[in-house]
$ cat coords.pdb   # PDB, C-alpha atoms and all ligand atoms
ATOM      1  CA  MET A  10     139.298  25.897 191.348
ATOM      2  CA  VAL A  11     135.733  24.572 191.689
ATOM      3  CA  LYS A  12     132.865  27.124 191.725
ATOM      4  CA  ILE A  13     129.453  25.530 191.888
ATOM      5  CA  LEU A  14     126.066  27.025 191.029
ATOM      6  CA  VAL A  15     123.036  25.202 192.461
ATOM      7  CA  THR A  16     119.647  26.063 190.928
ATOM      8  CA  GLY A  17     116.566  25.194 192.972
ATOM      9  CA  SER A  18     118.699  25.439 196.111
ATOM     10  CA  SER A  19     115.695  26.096 198.379
ATOM     11  CA  GLY A  20     113.924  22.874 197.342
ATOM     12  CA  GLN A  21     113.782  19.521 199.137
ATOM     13  CA  LEU A  22     117.029  18.265 197.673
ATOM     14  CA  GLY A  23     118.696  21.630 197.075
ATOM     15  CA  THR A  24     118.538  22.546 200.771
ATOM     16  CA  VAL A  25     120.556  19.494 201.786
ATOM     17  CA  LEU A  26     122.822  19.144 198.753
ATOM     18  CA  THR A  27     123.910  22.801 198.888
ATOM     19  CA  LYS A  28     125.056  22.353 202.502
ATOM     20  CA  GLU A  29     126.951  19.198 201.627
ATOM     21  CA  LEU A  30     128.667  20.886 198.672
ATOM     22  CA  GLN A  31     129.608  23.821 200.911
ATOM     23  CA  LYS A  32     131.204  21.371 203.381
ATOM     24  CA  LYS A  33     133.087  19.641 200.610
ATOM     25  CA  TYR A  34     134.242  22.575 198.464
ATOM     26  CA  GLY A  35     134.155  25.513 200.893
ATOM     27  CA  ILE A  36     131.320  27.894 201.707
ATOM     28  CA  ASN A  37     132.635  30.543 199.295
ATOM     29  CA  ASN A  38     132.755  28.143 196.368
ATOM     30  CA  VAL A  39     129.033  27.298 196.263
ATOM     31  CA  ILE A  40     126.434  29.761 194.983
ATOM     32  CA  ALA A  41     122.882  28.872 195.964
ATOM     33  CA  SER A  42     120.125  30.171 193.690
ATOM     34  CA  ASP A  43     116.347  30.020 193.670
ATOM     35  CA  LEU A  44     113.258  32.219 193.292
ATOM     36  CA  ILE A  45     113.207  32.533 197.076
ATOM     37  CA  ILE A  46     116.169  32.156 199.439
ATOM     38  CA  LYS A  47     115.227  31.133 202.972
ATOM     39  CA  PRO A  48     116.225  33.671 205.660
ATOM     40  CA  THR A  49     117.999  30.864 207.542
ATOM     41  CA  PHE A  50     120.315  30.125 204.591
ATOM     42  CA  LYS A  51     124.010  30.590 205.320
ATOM     43  CA  GLY A  52     126.408  31.220 202.444
ATOM     44  CA  ILE A  53     126.458  32.958 199.066
ATOM     45  CA  SER A  54     123.100  33.165 197.327
ATOM     46  CA  GLU A  55     121.394  34.807 194.369
ATOM     47  CA  ILE A  56     117.710  35.213 193.595
ATOM     48  CA  LEU A  57     117.611  33.640 190.141
ATOM     49  CA  ASP A  58     114.845  32.724 187.705
ATOM     50  CA  VAL A  59     116.520  30.143 185.447
ATOM     51  CA  THR A  60     113.916  30.721 182.711
ATOM     52  CA  ASN A  61     115.797  34.015 182.167
ATOM     53  CA  ILE A  62     118.947  33.078 180.238
ATOM     54  CA  ASP A  63     120.529  36.536 180.620
ATOM     55  CA  ALA A  64     120.154  36.429 184.396
ATOM     56  CA  LEU A  65     121.650  32.920 184.487
ATOM     57  CA  GLU A  66     124.570  33.963 182.276
ATOM     58  CA  LYS A  67     125.250  36.990 184.483
ATOM     59  CA  VAL A  68     125.550  34.816 187.613
ATOM     60  CA  VAL A  69     127.762  32.275 185.797
ATOM     61  CA  LEU A  70     130.139  35.026 184.659
ATOM     62  CA  GLN A  71     130.078  36.994 187.914
ATOM     63  CA  TYR A  72     131.169  33.998 190.006
ATOM     64  CA  LYS A  73     133.271  32.273 187.304
ATOM     65  CA  ILE A  74     131.128  29.146 187.723
ATOM     66  CA  THR A  75     132.751  25.810 186.734
ATOM     67  CA  GLN A  76     129.958  23.357 187.705
ATOM     68  CA  ILE A  77     126.154  23.553 187.742
ATOM     69  CA  TYR A  78     123.723  21.364 189.708
ATOM     70  CA  HIS A  79     120.426  22.140 187.987
ATOM     71  CA  LEU A  80     117.758  21.105 190.503
ATOM     72  CA  ALA A  81     115.001  23.620 189.676
ATOM     73  CA  ALA A  82     111.879  21.894 188.263
ATOM     74  CA  ILE A  83     108.144  21.464 188.780
ATOM     75  CA  LEU A  84     107.403  17.945 190.099
ATOM     76  CA  SER A  85     104.916  15.275 189.032
ATOM     77  CA  ALA A  86     101.695  16.105 190.903
ATOM     78  CA  LYS A  87     101.932  19.897 190.851
ATOM     79  CA  GLY A  88     102.962  19.723 187.201
ATOM     80  CA  GLU A  89      99.593  18.239 186.224
ATOM     81  CA  ILE A  90      97.753  21.374 187.335
ATOM     82  CA  ASN A  91      99.126  23.337 184.384
ATOM     83  CA  PRO A  92     100.720  20.887 181.936
ATOM     84  CA  LEU A  93     101.888  23.340 179.269
ATOM     85  CA  ARG A  94     103.409  25.719 181.788
ATOM     86  CA  THR A  95     105.205  22.785 183.473
ATOM     87  CA  TRP A  96     106.672  21.708 180.131
ATOM     88  CA  ASP A  97     107.755  25.286 179.370
ATOM     89  CA  ILE A  98     109.450  25.823 182.720
ATOM     90  CA  ASN A  99     111.137  22.425 182.975
ATOM     91  CA  MET A 100     112.444  22.509 179.403
ATOM     92  CA  LYS A 101     113.367  26.180 179.235
ATOM     93  CA  THR A 102     115.403  26.047 182.430
ATOM     94  CA  LEU A 103     117.253  22.968 181.160
ATOM     95  CA  PHE A 104     117.960  24.517 177.733
ATOM     96  CA  ASN A 105     119.221  27.688 179.406
ATOM     97  CA  VAL A 106     121.581  25.705 181.632
ATOM     98  CA  LEU A 107     122.828  23.642 178.681
ATOM     99  CA  GLU A 108     123.381  26.650 176.408
ATOM    100  CA  VAL A 109     125.064  28.862 179.008
ATOM    101  CA  SER A 110     127.250  25.865 179.946
ATOM    102  CA  ARG A 111     128.195  25.271 176.310
ATOM    103  CA  LEU A 112     129.009  28.932 175.691
ATOM    104  CA  HIS A 113     131.046  29.365 178.875
ATOM    105  CA  ASN A 114     132.782  26.039 179.040
ATOM    106  CA  ILE A 115     131.212  24.747 182.263
ATOM    107  CA  LYS A 116     133.208  21.668 183.252
ATOM    108  CA  LYS A 117     130.488  19.501 184.848
ATOM    109  CA  ILE A 118     126.703  19.597 185.025
ATOM    110  CA  PHE A 119     124.287  17.553 187.131
ATOM    111  CA  HIS A 120     120.776  16.992 185.773
ATOM    112  CA  PRO A 121     118.412  15.057 188.049
ATOM    113  CA  SER A 122     115.965  12.719 186.362
ATOM    114  CA  SER A 123     113.278  10.649 188.095
ATOM    115  CA  ILE A 124     111.304   7.416 188.324
ATOM    116  CA  ALA A 125     108.615   9.543 186.629
ATOM    117  CA  VAL A 126     110.252   8.746 183.258
ATOM    118  CA  PHE A 127     108.730   5.249 183.510
ATOM    119  CA  GLY A 128     105.169   4.572 182.375
ATOM    120  CA  ASP A 129     102.719   1.810 181.557
ATOM    121  CA  GLU A 130     105.046  -0.195 179.323
ATOM    122  CA  ILE A 131     107.640  -1.189 181.919
ATOM    123  CA  GLU A 132     108.226  -4.359 183.913
ATOM    124  CA  LYS A 133     107.258  -3.030 187.326
ATOM    125  CA  ILE A 134     109.527  -5.252 189.364
ATOM    126  CA  ASN A 135     113.235  -4.557 189.055
ATOM    127  CA  THR A 136     112.572  -2.126 186.200
ATOM    128  CA  PRO A 137     115.537  -2.286 183.816
ATOM    129  CA  GLN A 138     117.762   0.623 182.832
ATOM    130  CA  ALA A 139     116.487   1.019 179.297
ATOM    131  CA  PRO A 140     112.854   0.067 178.819
ATOM    132  CA  ASN A 141     110.407   1.848 176.540
ATOM    133  CA  LEU A 142     109.806   5.176 178.298
ATOM    134  CA  THR A 143     106.150   6.265 178.071
ATOM    135  CA  PRO A 144     105.692   8.622 181.038
ATOM    136  CA  LEU A 145     102.201   9.569 182.171
ATOM    137  CA  THR A 146     102.946  13.023 183.585
ATOM    138  CA  VAL A 147     104.304  16.189 181.970
ATOM    139  CA  TYR A 148     107.043  16.167 184.604
ATOM    140  CA  GLY A 149     108.000  12.642 183.470
ATOM    141  CA  MET A 150     107.864  13.711 179.824
ATOM    142  CA  SER A 151     110.128  16.680 180.541
ATOM    143  CA  LYS A 152     112.627  14.428 182.359
ATOM    144  CA  THR A 153     112.561  11.845 179.526
ATOM    145  CA  ALA A 154     113.179  14.576 176.945
ATOM    146  CA  GLY A 155     115.783  16.113 179.275
ATOM    147  CA  GLU A 156     117.670  12.801 179.499
ATOM    148  CA  ASN A 157     117.893  12.706 175.712
ATOM    149  CA  TRP A 158     118.933  16.359 175.479
ATOM    150  CA  VAL A 159     121.787  15.943 177.967
ATOM    151  CA  ASN A 160     122.926  12.841 176.093
ATOM    152  CA  TYR A 161     122.809  14.906 172.878
ATOM    153  CA  TYR A 162     124.911  17.737 174.361
ATOM    154  CA  HIS A 163     127.394  15.172 175.655
ATOM    155  CA  LYS A 164     127.727  13.455 172.269
ATOM    156  CA  LYS A 165     127.644  16.571 170.111
ATOM    157  CA  TYR A 166     129.691  19.014 172.211
ATOM    158  CA  GLY A 167     131.630  16.643 174.490
ATOM    159  CA  MET A 168     130.083  18.186 177.610
ATOM    160  CA  ASP A 169     130.353  16.302 180.914
ATOM    161  CA  ILE A 170     126.734  16.057 182.061
ATOM    162  CA  ARG A 171     125.709  13.395 184.584
ATOM    163  CA  SER A 172     122.316  12.244 185.763
ATOM    164  CA  ILE A 173     120.444   9.964 188.170
ATOM    165  CA  ARG A 174     116.804   8.873 188.055
ATOM    166  CA  TYR A 175     115.857   9.684 191.636
ATOM    167  CA  PRO A 176     113.316   7.537 193.492
ATOM    168  CA  GLY A 177     111.044   9.314 196.014
ATOM    169  CA  VAL A 178     113.379  11.153 198.391
ATOM    170  CA  ILE A 179     112.757  11.094 202.155
ATOM    171  CA  GLY A 180     114.571  13.400 204.544
ATOM    172  CA  TYR A 181     114.010  15.250 207.808
ATOM    173  CA  GLN A 182     115.828  18.440 206.781
ATOM    174  CA  SER A 183     113.342  19.788 204.222
ATOM    175  CA  LEU A 184     109.864  19.277 202.839
ATOM    176  CA  PRO A 185     109.119  18.120 199.313
ATOM    177  CA  GLY A 186     106.766  20.180 197.163
ATOM    178  CA  GLY A 187     104.310  18.856 194.611
ATOM    179  CA  GLY A 188     105.483  15.254 194.174
ATOM    180  CA  THR A 189     103.626  11.931 194.224
ATOM    181  CA  THR A 190     106.021  10.425 196.760
ATOM    182  CA  ASP A 191     105.627  13.335 199.221
ATOM    183  CA  TYR A 192     103.343  11.276 201.479
ATOM    184  CA  ALA A 193     106.374   9.327 202.694
ATOM    185  CA  VAL A 194     107.841  12.464 204.260
ATOM    186  CA  GLU A 195     104.594  13.898 205.625
ATOM    187  CA  ILE A 196     103.716  10.630 207.381
ATOM    188  CA  TYR A 197     106.737  11.006 209.678
ATOM    189  CA  HIS A 198     105.872  14.598 210.577
ATOM    190  CA  LYS A 199     102.331  13.533 211.528
ATOM    191  CA  ALA A 200     103.582  10.599 213.597
ATOM    192  CA  VAL A 201     105.990  12.739 215.589
ATOM    193  CA  LYS A 202     103.333  15.399 216.169
ATOM    194  CA  GLU A 203     101.049  12.551 217.297
ATOM    195  CA  GLU A 204      98.405  13.406 214.708
ATOM    196  CA  ASN A 205      96.503  11.049 212.398
ATOM    197  CA  PHE A 206      97.684  10.775 208.806
ATOM    198  CA  ASP A 207      95.466  10.956 205.691
ATOM    199  CA  CYS A 208      97.316   9.144 202.939
ATOM    200  CA  PHE A 209      96.617  10.155 199.328
ATOM    201  CA  LEU A 210      97.791   6.757 198.022
ATOM    202  CA  GLU A 211      96.289   3.303 198.619
ATOM    203  CA  ALA A 212      97.765   1.064 201.337
ATOM    204  CA  SER A 213      99.387  -1.352 198.876
ATOM    205  CA  THR A 214     101.054   1.128 196.481
ATOM    206  CA  MET A 215     104.674  -0.014 196.267
ATOM    207  CA  LEU A 216     107.137   2.664 195.105
ATOM    208  CA  PRO A 217     110.917   3.033 194.960
ATOM    209  CA  MET A 218     112.175   5.392 197.686
ATOM    210  CA  ILE A 219     115.505   6.515 199.075
ATOM    211  CA  PHE A 220     116.757   8.167 202.262
ATOM    212  CA  MET A 221     118.257  11.653 201.867
ATOM    213  CA  ASP A 222     121.715  10.622 203.163
ATOM    214  CA  ASP A 223     121.897   7.922 200.507
ATOM    215  CA  VAL A 224     120.734  10.225 197.734
ATOM    216  CA  ILE A 225     123.333  12.862 198.634
ATOM    217  CA  SER A 226     126.099  10.222 198.713
ATOM    218  CA  ALA A 227     124.974   8.872 195.350
ATOM    219  CA  THR A 228     124.937  12.308 193.746
ATOM    220  CA  ILE A 229     128.395  13.254 194.987
ATOM    221  CA  GLN A 230     129.788   9.815 194.155
ATOM    222  CA  LEU A 231     128.466  10.098 190.587
ATOM    223  CA  MET A 232     129.842  13.621 190.158
ATOM    224  CA  GLU A 233     133.284  12.643 191.464
ATOM    225  CA  ALA A 234     133.660   9.436 189.457
ATOM    226  CA  PRO A 235     136.230   9.521 186.647
ATOM    227  CA  SER A 236     134.547  10.555 183.412
ATOM    228  CA  GLU A 237     135.355   7.245 181.682
ATOM    229  CA  ASN A 238     133.299   5.390 184.331
ATOM    230  CA  ILE A 239     130.153   7.271 183.319
ATOM    231  CA  LYS A 240     128.950   5.015 180.547
ATOM    232  CA  ILE A 241     125.298   6.041 180.622
ATOM    233  CA  ARG A 242     124.807   9.650 179.594
ATOM    234  CA  THR A 243     121.012   9.741 179.596
ATOM    235  CA  SER A 244     120.453   8.907 183.291
ATOM    236  CA  TYR A 245     121.272   6.114 185.751
ATOM    237  CA  ASN A 246     118.609   4.011 187.482
ATOM    238  CA  LEU A 247     119.094   4.291 191.251
ATOM    239  CA  ALA A 248     117.444   2.307 194.043
ATOM    240  CA  GLY A 249     117.418   2.673 197.801
ATOM    241  CA  MET A 250     114.442   0.691 199.133
ATOM    242  CA  SER A 251     110.849  -0.009 198.071
ATOM    243  CA  PHE A 252     107.803   0.103 200.329
ATOM    244  CA  THR A 253     104.053   0.678 200.466
ATOM    245  CA  PRO A 254     102.205   3.192 202.688
ATOM    246  CA  GLU A 255     101.118   0.249 204.857
ATOM    247  CA  GLN A 256     104.724  -0.866 205.332
ATOM    248  CA  VAL A 257     105.996   2.571 206.334
ATOM    249  CA  TYR A 258     102.998   2.873 208.666
ATOM    250  CA  GLU A 259     103.903  -0.472 210.292
ATOM    251  CA  SER A 260     107.518   0.629 210.628
ATOM    252  CA  ILE A 261     106.437   3.854 212.404
ATOM    253  CA  LYS A 262     104.003   1.926 214.634
ATOM    254  CA  LYS A 263     106.927   0.077 216.190
ATOM    255  CA  ILE A 264     107.782   3.438 217.795
ATOM    256  CA  TYR A 265     104.298   5.047 217.932
ATOM    257  CA  PRO A 266     101.881   2.128 218.529
ATOM    258  CA  ASP A 267      98.836   4.454 218.630
ATOM    259  CA  PHE A 268      99.535   6.112 215.284
ATOM    260  CA  LYS A 269      96.504   6.041 212.908
ATOM    261  CA  ILE A 270      96.341   6.194 209.116
ATOM    262  CA  ASN A 271      93.347   6.746 206.776
ATOM    263  CA  TYR A 272      93.555   6.004 203.085
ATOM    264  CA  GLN A 273      92.003   8.596 200.764
ATOM    265  CA  PRO A 274      93.539   8.064 197.327
ATOM    266  CA  ASP A 275      93.276  10.997 194.910
ATOM    267  CA  PHE A 276      94.567  11.789 191.383
ATOM    268  CA  ARG A 277      98.097  10.952 192.496
ATOM    269  CA  GLN A 278      97.134   7.254 192.693
ATOM    270  CA  ASP A 279      97.099   7.015 188.861
ATOM    271  CA  ILE A 280     100.545   8.571 188.694
ATOM    272  CA  ALA A 281     101.900   6.165 191.327
ATOM    273  CA  ASN A 282     100.309   3.193 189.518
ATOM    274  CA  SER A 283     102.327   3.998 186.409
ATOM    275  CA  TRP A 284     105.668   3.939 188.257
ATOM    276  CA  PRO A 285     107.873   0.926 189.122
ATOM    277  CA  ASP A 286     107.642  -1.157 192.311
ATOM    278  CA  SER A 287     111.406  -1.559 192.332
ATOM    279  CA  ILE A 288     114.391  -0.566 190.238
ATOM    280  CA  ASP A 289     117.361  -2.415 188.758
ATOM    281  CA  ASP A 290     120.315  -0.153 189.549
ATOM    282  CA  SER A 291     123.062  -2.666 188.770
ATOM    283  CA  ALA A 292     124.657  -0.315 186.184
ATOM    284  CA  ALA A 293     125.173   2.415 188.824
ATOM    285  CA  LYS A 294     126.672  -0.223 191.148
ATOM    286  CA  ARG A 295     128.993  -1.548 188.439
ATOM    287  CA  HIS A 296     130.052   1.719 186.813
ATOM    288  CA  TRP A 297     130.657   4.032 189.772
ATOM    289  CA  GLY A 298     130.331   1.921 192.899
ATOM    290  CA  TRP A 299     126.858   2.901 194.145
ATOM    291  CA  LYS A 300     125.745   1.170 197.361
ATOM    292  CA  PRO A 301     122.725   2.237 199.454
ATOM    293  CA  ARG A 302     123.052   2.144 203.255
ATOM    294  CA  TYR A 303     119.549   2.613 204.672
ATOM    295  CA  ASP A 304     116.588   0.247 204.816
ATOM    296  CA  LEU A 305     113.084   1.190 205.937
ATOM    297  CA  ASP A 306     113.454   0.611 209.693
ATOM    298  CA  GLU A 307     116.846   2.325 209.873
ATOM    299  CA  MET A 308     115.410   5.309 208.027
ATOM    300  CA  THR A 309     112.364   5.378 210.321
ATOM    301  CA  ASN A 310     114.594   5.520 213.395
ATOM    302  CA  VAL A 311     116.623   8.448 212.079
ATOM    303  CA  MET A 312     113.577  10.328 210.743
ATOM    304  CA  ILE A 313     111.766  10.092 214.057
ATOM    305  CA  GLU A 314     114.779  10.997 216.162
ATOM    306  CA  LYS A 315     115.611  14.059 214.039
ATOM    307  CA  LEU A 316     112.022  15.260 213.701
ATOM    308  CA  LYS A 317     111.542  14.970 217.452
ATOM    309  CA  GLU A 318     114.550  17.273 217.909
ATOM    310  CA  TYR A 319     113.182  19.619 215.252
ATOM    311  CA  TYR A 320     109.725  19.978 216.777
ATOM    312  CA  HIS A 321     111.174  20.306 220.229
ATOM    313  CA  LEU A 322     113.269  23.261 218.985
ATOM    314  CA  GLU A 323     110.260  24.798 217.281
ATOM    315  CA  ILE A 324     108.236  24.647 220.453
ATOM    316  CA  LYS A 325     111.053  26.270 222.479
ATOM    317  CA  ILE A 326     111.231  29.236 220.042
TER
HETATM  318  N1  LIG A 401     109.457  12.519 193.958
HETATM  319  C1  LIG A 401     109.120  12.904 192.630
HETATM  320  C2  LIG A 401     107.674  13.102 192.477
HETATM  321  O1  LIG A 401     106.934  12.464 193.201
HETATM  322  C3  LIG A 401     109.578  11.856 191.668
HETATM  323  O2  LIG A 401     110.674  12.349 190.984
HETATM  324  O3  LIG A 401     107.263  13.834 191.637
END
$ encode --input "coords.pdb" --output "structure tokens" --more "lines below"
Ligand code: SER
Amino acid sequence: MVKILVTGSSGQLGTVLTKELQKKYGINNVIASDLIIKPTFKGISEILDVTNIDALEKVVLQYKITQIYHLAAILSAKGEINPLRTWDINMKTLFNVLEVSRLHNIKKIFHPSSIAVFGDEIEKINTPQAPNLTPLTVYGMSKTAGENWVNYYHKKYGMDIRSIRYPGVIGYQSLPGGGTTDYAVEIYHKAVKEENFDCFLEASTMLPMIFMDDVISATIQLMEAPSENIKIRTSYNLAGMSFTPEQVYESIKKIYPDFKINYQPDFRQDIANSWPDSIDDSAAKRHWGWKPRYDLDEMTNVMIEKLKEYYHLEIKI
């Protein structure tokens, strides 16, 4: 019997992944948890602060949890506002998940990592799986340390923990909060609302990105792969597509020819400059059959169609 706990279930990824897990394993077998649960959420949920190990343990025991997807974290840009607090929260929540899982024999754990683990010492094009990791942000440092901690728990205690280094995630279902790649979601909302867009990155800043449908498939594919196929226990590189703000703008202009963009780079430019242009994800392809489906124009079409429906509904209400 699978009983899944999702932490950070109200976040950009959590919102969509929780629904998908409910579809796959049954609505009563997924427990959503976060500091705030949206009133529109359907299913079983708990208000949970994962920095509190006793509260986490209580939920794990109450629902006889067998798997944890630990999505709660403070992202790259927001994390820079209070670096020490970001480190504390990101590491404490991970340690609590690892320890409660060790003590209560949790069968599988998912720990998301990020392109933020990469820093100035990488080859920026087709960044390999295992370069020297010198992240520039506290978020990136916490993910780099987290990758090593999950590898340690796997080796020392035999725990089945799996991880992906997510690129910037773009979806219509939810908004990101506090990341450097967030512009690539906001730009679509502005286009559909027929407003101008102020971009906080320069026109030519190439970053690895991925469409939400692809990221959900990748996560579930990784978690369902036979354990012996998971040969990397720190975290897998994963790629969807790579583009610049100018390229996504051009893609949107095919549908909204009057759409306008202004470039006003801020502190997030330095963070973006330290990240790869593109990612070598051949290990994920070889080991567990990863294959992305969406390119930029296909994603643009779906984003615009779905956001048009969304804003239409909003207006009706
Ligand atoms: N999207 C994340 C961020 O920008 C990267 O993991 O912080």
$ resolve_selection --input "coords.pdb" --expression "the PyMOL selection byres (((not hetatm)) within 7 of (chain A and resi 401))" --output "PyMOL selection string"
chain A and resi 84-86+123-125+175-178+187-191
$ write_last_selection --input "coords.pdb" --atoms "C-alpha atoms" --output "short mmCIF file (atom, residue, chain, number, x, y, z; two decimals), in the frame of the given file"
data_model
loop_
_atom_site.label_atom_id
_atom_site.label_comp_id
_atom_site.auth_asym_id
_atom_site.auth_seq_id
_atom_site.Cartn_x
_atom_site.Cartn_y
_atom_site.Cartn_z
CA LEU A 84 107.40 17.94 190.10
CA SER A 85 104.92 15.28 189.03
CA ALA A 86 101.70 16.10 190.90
CA SER A 123 113.28 10.65 188.10
CA ILE A 124 111.30 7.42 188.32
CA ALA A 125 108.62 9.54 186.63
CA TYR A 175 115.86 9.68 191.64
CA PRO A 176 113.32 7.54 193.49
CA GLY A 177 111.04 9.31 196.01
CA VAL A 178 113.38 11.15 198.39
CA GLY A 187 104.31 18.86 194.61
CA GLY A 188 105.48 15.25 194.17
CA THR A 189 103.63 11.93 194.22
CA THR A 190 106.02 10.42 196.76
CA ASP A 191 105.63 13.34 199.22
#
$ residues_near_point --input "coords.pdb" --point "(124.8, 11.7, 187.0)" --cutoff "10 Å" --atoms "only C-alpha atoms" --output "ChimeraX atom specification"
/A:117-122,169-174,227-234,239,241-246,293
$ closest_residue --input "coords.pdb" --among "A:Thr60, A:Ser236, A:Asn105, A:Ser19" --to "A:Ala41" --atoms "all atoms listed in the file"
A:Ser19
$ resolve_selection --input "coords.pdb" --expression "the PyMOL selection byres (((chain A and resi 66) around 9) and not hetatm)" --output "PyMOL selection string"
chain A and resi 61-65+67-71+105-106+109-110+113
$ atom_distance --input "coords.pdb" --atom1 "atom CA of A:Ile261" --atom2 "atom CA of A:Pro274"
20.3 Å
$ closest_residue --input "coords.pdb" --among "A:Leu107, A:Met215, A:Ile131, A:Leu142" --to "A:His163" --atoms "all atoms listed in the file"
A:Leu107
$ closest_residue --input "coords.pdb" --among "A:Phe268, A:Tyr181, A:Phe209, A:Phe220" --to "A:Tyr303" --atoms "only C-alpha atoms"
A:Phe220
$ residues_near_point --input "coords.pdb" --point "(109.7, 25.1, 183.2)" --cutoff "9 Å" --atoms "all atoms listed in the file" --output "ChimeraX atom specification"
/A:59-60,81-83,93-103,151
$ residues_around --input "coords.pdb" --residues "A:Leu80" --least-positions-apart "6" --cutoff "8 Å" --atoms "all atoms listed in the file" --output "number ranges by chain"
A: 15-18, 22-23, 120-121
